[in-house]
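Novice: My structure is in final-v5.cif, and what it holds is mmCIF, C-alpha atoms:
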```cif
data_structure
loop_
_atom_site.label_atom_id
_atom_site.label_comp_id
_atom_site.auth_asym_id
_atom_site.auth_seq_id
_atom_site.Cartn_x
_atom_site.Cartn_y
_atom_site.Cartn_z
CA LYS A 1 4.80 -13.33 -21.76
CA GLN A 2 3.28 -11.79 -18.62
CA ASN A 3 5.79 -8.95 -18.65
CA VAL A 4 5.24 -8.28 -22.35
CA CYS A 5 1.50 -8.07 -21.70
CA ALA A 6 2.01 -5.84 -18.64
CA GLU A 7 4.06 -3.47 -20.75
CA GLN A 8 1.54 -3.50 -23.63
CA MET A 9 -1.27 -2.79 -21.15
CA GLY A 10 0.72 0.09 -19.64
CA LEU A 11 0.61 -1.38 -16.16
CA HIS A 12 2.56 0.29 -13.36
CA ARG A 13 4.82 -1.82 -11.13
CA PHE A 14 4.33 -0.86 -7.50
CA GLN A 15 7.69 -0.34 -5.83
CA ASN A 16 6.66 -0.07 -2.18
CA GLU A 17 3.70 -0.14 0.17
CA ASP A 18 3.19 3.64 -0.07
CA GLU A 19 2.63 3.33 -3.83
CA VAL A 20 0.14 0.50 -3.26
CA GLN A 21 -1.77 2.53 -0.68
CA ASP A 22 -1.81 5.56 -2.98
CA ALA A 23 -3.24 3.36 -5.77
CA VAL A 24 -5.91 2.12 -3.36
CA ARG A 25 -6.86 5.70 -2.41
CA ARG A 26 -7.13 6.60 -6.13
CA GLY A 27 -9.20 3.49 -6.93
CA VAL A 28 -6.55 2.02 -9.24
CA LEU A 29 -6.46 -1.02 -6.94
CA ILE A 30 -9.53 -2.31 -5.12
CA ALA A 31 -9.95 -4.70 -2.22
CA LEU A 32 -10.50 -8.38 -2.86
CA PRO A 33 -14.09 -8.89 -1.73
CA ILE A 34 -15.07 -11.60 0.72
CA THR A 35 -18.16 -13.36 -0.64
CA LEU A 36 -19.81 -16.76 -0.32
CA GLY A 37 -17.70 -17.83 -3.28
CA LEU A 38 -14.38 -16.15 -2.48
CA HIS A 39 -12.12 -16.07 0.56
CA VAL A 40 -8.65 -14.71 1.14
CA ALA A 41 -5.99 -16.66 3.02
CA PRO A 42 -6.00 -15.39 6.61
CA ASN A 43 -2.19 -15.08 6.62
CA LEU A 44 -2.18 -12.68 3.65
CA PRO A 45 -1.37 -9.21 5.05
CA LEU A 46 -4.13 -6.63 4.69
CA SER A 47 -1.85 -4.43 2.57
CA ARG A 48 -1.64 -7.20 -0.06
CA ARG A 49 -5.37 -7.90 -0.43
CA TYR A 50 -5.84 -5.65 -3.48
CA ALA A 51 -5.92 -6.08 -7.25
CA LEU A 52 -6.90 -4.22 -10.39
CA PRO A 53 -10.69 -3.94 -10.91
CA THR A 54 -10.54 -6.26 -13.96
CA THR A 55 -8.79 -8.90 -11.86
CA VAL A 56 -11.35 -8.61 -9.08
CA GLN A 57 -14.21 -8.90 -11.57
CA PHE A 58 -12.64 -12.02 -13.08
CA LEU A 59 -12.33 -13.55 -9.59
CA LEU A 60 -15.93 -12.76 -8.72
CA THR A 61 -17.20 -14.46 -11.88
CA LEU A 62 -14.93 -17.50 -11.50
CA SER A 63 -15.55 -17.93 -7.78
CA GLU A 64 -19.33 -17.75 -8.17
CA ALA A 65 -19.24 -20.44 -10.87
CA TYR A 66 -17.03 -22.56 -8.58
CA ARG A 67 -19.40 -22.05 -5.63
CA LEU A 68 -22.44 -22.98 -7.70
CA ARG A 69 -20.71 -26.09 -9.00
CA PHE A 70 -19.09 -27.33 -5.78
CA GLY A 71 -20.75 -25.47 -2.91
CA LYS A 72 -17.37 -24.19 -1.73
CA SER A 73 -15.52 -20.90 -1.87
CA LEU A 74 -12.41 -20.29 -3.91
CA GLY A 75 -9.28 -19.31 -1.98
CA ILE A 76 -6.82 -16.58 -2.86
CA ASP A 77 -3.29 -16.93 -1.47
CA SER A 78 -1.72 -13.78 -2.92
CA ALA A 79 -2.60 -10.63 -4.84
CA VAL A 80 -0.70 -7.35 -5.30
CA ARG A 81 2.87 -7.54 -4.11
CA ASP A 82 5.12 -4.48 -4.27
CA ALA A 83 8.77 -4.78 -5.32
CA ASP A 84 10.05 -4.40 -1.75
CA THR A 85 7.88 -7.34 -0.65
CA GLN A 86 8.95 -9.37 -3.69
CA ARG A 87 12.63 -8.81 -2.80
CA ARG A 88 12.02 -10.03 0.77
CA LEU A 89 10.03 -13.03 -0.46
CA ARG A 90 12.74 -14.00 -2.90
CA LYS A 91 15.30 -14.23 -0.09
CA HIS A 92 13.56 -17.28 1.41
CA ASN A 93 11.46 -18.63 -1.47
CA ARG A 94 13.60 -19.99 -4.29
CA ASN A 95 10.56 -20.15 -6.59
CA ALA A 96 9.73 -16.47 -6.23
CA ALA A 97 10.23 -14.43 -9.40
CA PRO A 98 12.76 -11.61 -9.47
CA VAL A 99 11.74 -7.97 -9.09
CA ASP A 100 12.88 -6.95 -12.56
CA GLY A 101 14.02 -8.37 -15.85
CA GLU A 102 12.32 -10.69 -18.32
CA THR A 103 10.99 -13.01 -15.61
CA ALA A 104 9.90 -10.33 -13.11
CA SER A 105 6.84 -11.00 -11.00
CA SER A 106 3.54 -9.76 -12.44
CA HIS A 107 2.15 -9.50 -8.89
CA GLU A 108 3.77 -6.06 -8.76
CA THR A 109 1.21 -4.80 -11.29
CA GLY A 110 -1.95 -5.78 -9.37
CA ALA A 111 -3.14 -7.86 -12.34
CA THR A 112 -2.10 -11.19 -10.82
CA VAL A 113 -3.49 -13.39 -8.06
CA ASP A 114 -2.67 -16.85 -6.82
CA ILE A 115 -5.71 -19.12 -6.68
CA ALA A 116 -5.20 -21.78 -4.02
CA LYS A 117 -5.19 -25.44 -5.07
CA ARG A 118 -4.90 -26.70 -1.49
CA GLY A 119 -7.99 -28.61 -0.47
CA MET A 120 -9.33 -29.05 -4.00
CA SER A 121 -10.51 -32.51 -4.96
CA ARG A 122 -9.48 -34.12 -8.22
CA ALA A 123 -12.83 -33.10 -9.75
CA GLN A 124 -12.41 -29.51 -8.56
CA LEU A 125 -8.87 -29.34 -9.97
CA GLN A 126 -10.03 -30.73 -13.33
CA TRP A 127 -12.87 -28.21 -13.45
CA MET A 128 -10.54 -25.33 -12.55
CA ARG A 129 -7.99 -26.38 -15.17
CA ALA A 130 -10.73 -26.53 -17.80
CA MET A 131 -12.14 -23.12 -16.84
CA LEU A 132 -8.73 -21.47 -16.78
CA SER A 133 -7.72 -23.13 -20.05
CA TYR A 134 -10.82 -21.68 -21.70
CA GLU A 135 -9.94 -18.20 -20.39
CA VAL A 136 -6.39 -18.61 -21.77
CA VAL A 137 -7.74 -19.58 -25.20
CA MET A 138 -10.02 -16.53 -25.08
CA ASN A 139 -6.90 -14.44 -24.33
CA ARG A 140 -8.34 -13.15 -21.05
CA ILE A 141 -5.68 -14.56 -18.74
CA ILE A 142 -2.21 -16.04 -18.54
CA VAL A 143 -1.98 -18.87 -16.04
CA GLU A 144 0.81 -20.97 -14.61
CA GLU A 145 -0.07 -23.96 -12.49
CA GLU A 146 2.56 -23.87 -9.78
CA ARG A 147 3.47 -27.09 -8.06
CA HIS A 148 5.63 -25.89 -5.15
CA GLN A 149 3.18 -23.20 -4.03
CA ALA A 150 0.07 -25.27 -4.87
CA CYS A 151 -1.66 -22.48 -6.75
CA PHE A 152 -2.78 -21.22 -10.12
CA HIS A 153 -0.71 -18.07 -10.70
CA THR A 154 -3.21 -16.09 -12.77
CA MET A 155 -2.64 -12.80 -14.56
CA VAL A 156 -5.83 -11.18 -15.81
CA LEU A 157 -5.42 -9.29 -19.07
CA GLY A 158 -7.39 -6.17 -19.81
CA GLY A 159 -5.53 -3.45 -17.97
CA THR A 160 -6.97 -0.91 -15.62
CA GLU A 161 -10.38 -0.09 -17.09
#
```
Could you write out this structure as structure tokens?

Specialist:
Amino acid sequence: KQNVCAEQMGLHRFQNEDEVQDAVRRGVLIALPITLGLHVAPNLPLSRRYALPTTVQFLLTLSEAYRLRFGKSLGIDSAVRDADTQRRLRKHNRNAAPVDGETASSHETGATVDIAKRGMSRAQLQWMRAMLSYEVVMNRIIVEEERHQACFHTMVLGGTE
């Protein structure tokens, strides 16, 4: 479903780091902001700390609600991932999606982020599941709760506006 939506939204799949950096220069991708409500995993390379503006806006809204509710920031484990990086990841992570085909990774579009579940209490997980479920029903996101990576793999719909 994510790939069908990516195609319908006309999203580009970034093939390498040069394409990602070009998209950053053109403002197609923007940096994930560090706020009181949002933090990025320190091990995430700087070149992968970008997403589409609609994805960043979604994260800002969600993370602020989370911070107000729990007094903690929301963690992001992954954002844009070019095809070259996805190929390398797939070599040692059996759960990583392929680079192409029906089940290709939506990270390559910049629309998808992984919201960390690590460190969340039962109440925080229940709240996050409820919030994300609402956004799914409203057709604003597609989410997969991953077990092996302990994250909510979240694709924000809405394209590049």

Novice: Sorted by chain and rising residue number, list the residues of region 27-137 of chain A at most 6 Å from region 13-22 of chain A (counting all atoms listed in the file), each with its closest atom pair and distance in Å to one decimal, as a tab-separated table.

Specialist:
```
residue	atom	partner	partner_atom	distance
A:Asp82	CA	A:Phe14	CA	4.9
A:Ala83	CA	A:Gln15	CA	4.6
A:Asp84	CA	A:Asn16	CA	5.5
A:Glu108	CA	A:Arg13	CA	5.0
A:Thr109	CA	A:Arg13	CA	4.7
```

Novice: For a cut-off of 12 Å around (-2.4, 0.4, -17.6), file coordinates, pick out all residues using only C-alpha atoms and list them as a VMD selection string.

Specialist: chain A and resid 5 to 13 28 to 29 52 to 54 109 to 111 157 to 161

Novice: Would you mind exporting the chosen residues as a CSV table (one decimal), in the frame of the given file, restricted to C-alpha atoms?

Specialist:
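Ended up saving to result-v5.csv:
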```
chain,number,residue,atom,x,y,z
A,5,CYS,CA,1.5,-8.1,-21.7
A,6,ALA,CA,2.0,-5.8,-18.6
A,7,GLU,CA,4.1,-3.5,-20.8
A,8,GLN,CA,1.5,-3.5,-23.6
A,9,MET,CA,-1.3,-2.8,-21.2
A,10,GLY,CA,0.7,0.1,-19.6
A,11,LEU,CA,0.6,-1.4,-16.2
A,12,HIS,CA,2.6,0.3,-13.4
A,13,ARG,CA,4.8,-1.8,-11.1
A,28,VAL,CA,-6.6,2.0,-9.2
A,29,LEU,CA,-6.5,-1.0,-6.9
A,52,LEU,CA,-6.9,-4.2,-10.4
A,53,PRO,CA,-10.7,-3.9,-10.9
A,54,THR,CA,-10.5,-6.3,-14.0
A,109,THR,CA,1.2,-4.8,-11.3
A,110,GLY,CA,-2.0,-5.8,-9.4
A,111,ALA,CA,-3.1,-7.9,-12.3
A,157,LEU,CA,-5.4,-9.3,-19.1
A,158,GLY,CA,-7.4,-6.2,-19.8
A,159,GLY,CA,-5.5,-3.4,-18.0
A,160,THR,CA,-7.0,-0.9,-15.6
A,161,GLU,CA,-10.4,-0.1,-17.1
```

Novice: Using all atoms listed in the file, which protein or nucleic acid residues come within 12 Å of Pro42 (chain A)? Drop anything in the same chain fewer than 4 positions from it, and give the result as a VMD selection string.

Specialist: chain A and resid 34 46 48 to 49 75 to 78

Novice: At what distance in Å, to one decimal, does CA of Phe70 (chain A) lie from CA of Gly119 (chain A)?

Specialist: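 Calculated distance between CA of Gly119 (chain A) and CA of Phe70 (chain A) is 12.4 Å.
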
Novice: Evaluating the PyMOL selection byres ((chain A and resi 74) around 6) on the displayed file yields which residues, as a list in words?

Specialist: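 The output of the PyMOL selection byres ((chain A and resi 74) around 6) on this file is Gly37, Leu38, Ser63, Ser73 and Gly75 of chain A.
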
Novice: What does the distance from CA of Glu146 (chain A) to CA of Ile115 (chain A) come to in Å, to one decimal?

Specialist: 10.0 Å

Novice: Skipping near chain neighbours, those fewer than 6 positions away, what residues fall within 10 Å of Val24 (chain A) using only C-alpha atoms, listed as JSON, numbers by chain?

Specialist: {"A": [18, 30, 31, 47, 50, 51, 52]}

Novice: Figure out the distance between CA of Gln124 (chain A) and CA of Glu145 (chain A), please, to one decimal in Å.

Specialist: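 Computed distance, CA of Glu145 (chain A) to CA of Gln124 (chain A), equals 14.1 Å.
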
Novice: Select, from A:Thr55, A:Gly71, A:Gln2, A:Arg118, the residue with the minimum atom-to-atom distance to Leu36 (chain A), counting all atoms listed in the file.

Specialist: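 Smallest distance to Leu36 (chain A) is found for A:Gly71.
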
Novice: Residue by residue, what does the PyMOL selection byres ((chain A and resi 155) around 7) grab here? Present the result as a PDB file with C-alpha atoms, keeping the file's coordinate frame.

Specialist:
```
ATOM      1  CA  ALA A 111      -3.140  -7.860 -12.340  1.00  0.00           C
ATOM      2  CA  THR A 112      -2.100 -11.190 -10.820  1.00  0.00           C
ATOM      3  CA  VAL A 113      -3.490 -13.390  -8.060  1.00  0.00           C
ATOM      4  CA  ILE A 141      -5.680 -14.560 -18.740  1.00  0.00           C
ATOM      5  CA  ILE A 142      -2.210 -16.040 -18.540  1.00  0.00           C
ATOM      6  CA  VAL A 143      -1.980 -18.870 -16.040  1.00  0.00           C
ATOM      7  CA  HIS A 153      -0.710 -18.070 -10.700  1.00  0.00           C
ATOM      8  CA  THR A 154      -3.210 -16.090 -12.770  1.00  0.00           C
ATOM      9  CA  VAL A 156      -5.830 -11.180 -15.810  1.00  0.00           C
ATOM     10  CA  LEU A 157      -5.420  -9.290 -19.070  1.00  0.00           C
TER      11      LEU A 157
END
```

Novice: Residue by residue, what does the PyMOL selection byres ((chain A and resi 147-149) around 9) grab here? Present the result as a ChimeraX atom specification.

Specialist: /A:95,116-117,145-146,150-152

Novice: Which of these, A:Glu135, A:Leu125, A:Arg81, A:Met120, has the shortest distance to Leu59 (chain A) once you count all atoms listed in the file?

Specialist: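 Smallest separation from Leu59 (chain A) among the options: A:Glu135.
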
Novice: Please determine, counting all atoms listed in the file, which residue among A:Asn3, A:Gln57, A:Gln126, A:Thr85 has the shortest atom-to-atom distance to Arg140 (chain A).

Specialist: A:Gln57

Novice: Rebuild region 103-126 of chain A to N, CA and C atoms - output it as a short mmCIF file (atom, residue, chain, number, x, y, z; two decimals), keeping the file's coordinate frame, please.

Specialist:
```
data_model
loop_
_atom_site.label_atom_id
_atom_site.label_comp_id
_atom_site.auth_asym_id
_atom_site.auth_seq_id
_atom_site.Cartn_x
_atom_site.Cartn_y
_atom_site.Cartn_z
N THR A 103 11.82 -12.09 -16.39
CA THR A 103 10.99 -13.01 -15.61
C THR A 103 10.46 -12.37 -14.33
N ALA A 104 10.38 -11.05 -14.30
CA ALA A 104 9.90 -10.33 -13.11
C ALA A 104 8.47 -10.76 -12.75
N SER A 105 8.17 -10.63 -11.49
CA SER A 105 6.84 -11.00 -11.00
C SER A 105 5.77 -10.04 -11.53
N SER A 106 4.68 -10.60 -12.01
CA SER A 106 3.54 -9.76 -12.44
C SER A 106 2.66 -9.37 -11.27
N HIS A 107 2.91 -9.92 -10.08
CA HIS A 107 2.15 -9.50 -8.89
C HIS A 107 2.33 -8.02 -8.62
N GLU A 108 3.47 -7.48 -9.01
CA GLU A 108 3.77 -6.06 -8.76
C GLU A 108 2.84 -5.12 -9.52
N THR A 109 2.11 -5.63 -10.49
CA THR A 109 1.21 -4.80 -11.29
C THR A 109 -0.22 -4.76 -10.74
N GLY A 110 -0.57 -5.69 -9.87
CA GLY A 110 -1.95 -5.78 -9.37
C GLY A 110 -2.86 -6.58 -10.28
N ALA A 111 -2.33 -7.08 -11.39
CA ALA A 111 -3.14 -7.86 -12.34
C ALA A 111 -3.16 -9.35 -12.00
N THR A 112 -2.31 -9.77 -11.07
CA THR A 112 -2.10 -11.19 -10.82
C THR A 112 -2.51 -11.61 -9.42
N VAL A 113 -3.13 -12.76 -9.35
CA VAL A 113 -3.49 -13.39 -8.06
C VAL A 113 -3.08 -14.86 -8.11
N ASP A 114 -2.92 -15.42 -6.94
CA ASP A 114 -2.67 -16.85 -6.82
C ASP A 114 -3.92 -17.51 -6.27
N ILE A 115 -4.51 -18.38 -7.08
CA ILE A 115 -5.71 -19.12 -6.68
C ILE A 115 -5.24 -20.42 -6.02
N ALA A 116 -5.65 -20.63 -4.80
CA ALA A 116 -5.20 -21.78 -4.02
C ALA A 116 -5.71 -23.09 -4.59
N LYS A 117 -4.81 -24.08 -4.67
CA LYS A 117 -5.19 -25.44 -5.07
C LYS A 117 -5.40 -26.32 -3.83
N ARG A 118 -4.81 -25.92 -2.72
CA ARG A 118 -4.90 -26.70 -1.49
C ARG A 118 -6.35 -26.98 -1.14
N GLY A 119 -6.63 -28.23 -0.87
CA GLY A 119 -7.99 -28.61 -0.47
C GLY A 119 -8.92 -28.93 -1.62
N MET A 120 -8.49 -28.73 -2.85
CA MET A 120 -9.33 -29.05 -4.00
C MET A 120 -9.28 -30.55 -4.28
N SER A 121 -10.44 -31.10 -4.56
CA SER A 121 -10.51 -32.51 -4.96
C SER A 121 -10.03 -32.65 -6.40
N ARG A 122 -9.88 -33.87 -6.83
CA ARG A 122 -9.48 -34.12 -8.22
C ARG A 122 -10.50 -33.50 -9.19
N ALA A 123 -11.78 -33.66 -8.89
CA ALA A 123 -12.83 -33.10 -9.75
C ALA A 123 -12.76 -31.57 -9.77
N GLN A 124 -12.50 -30.97 -8.62
CA GLN A 124 -12.41 -29.51 -8.56
C GLN A 124 -11.19 -29.01 -9.33
N LEU A 125 -10.07 -29.72 -9.22
CA LEU A 125 -8.87 -29.34 -9.97
C LEU A 125 -9.10 -29.47 -11.47
N GLN A 126 -9.75 -30.54 -11.89
CA GLN A 126 -10.03 -30.73 -13.33
C GLN A 126 -10.93 -29.62 -13.84
#
```
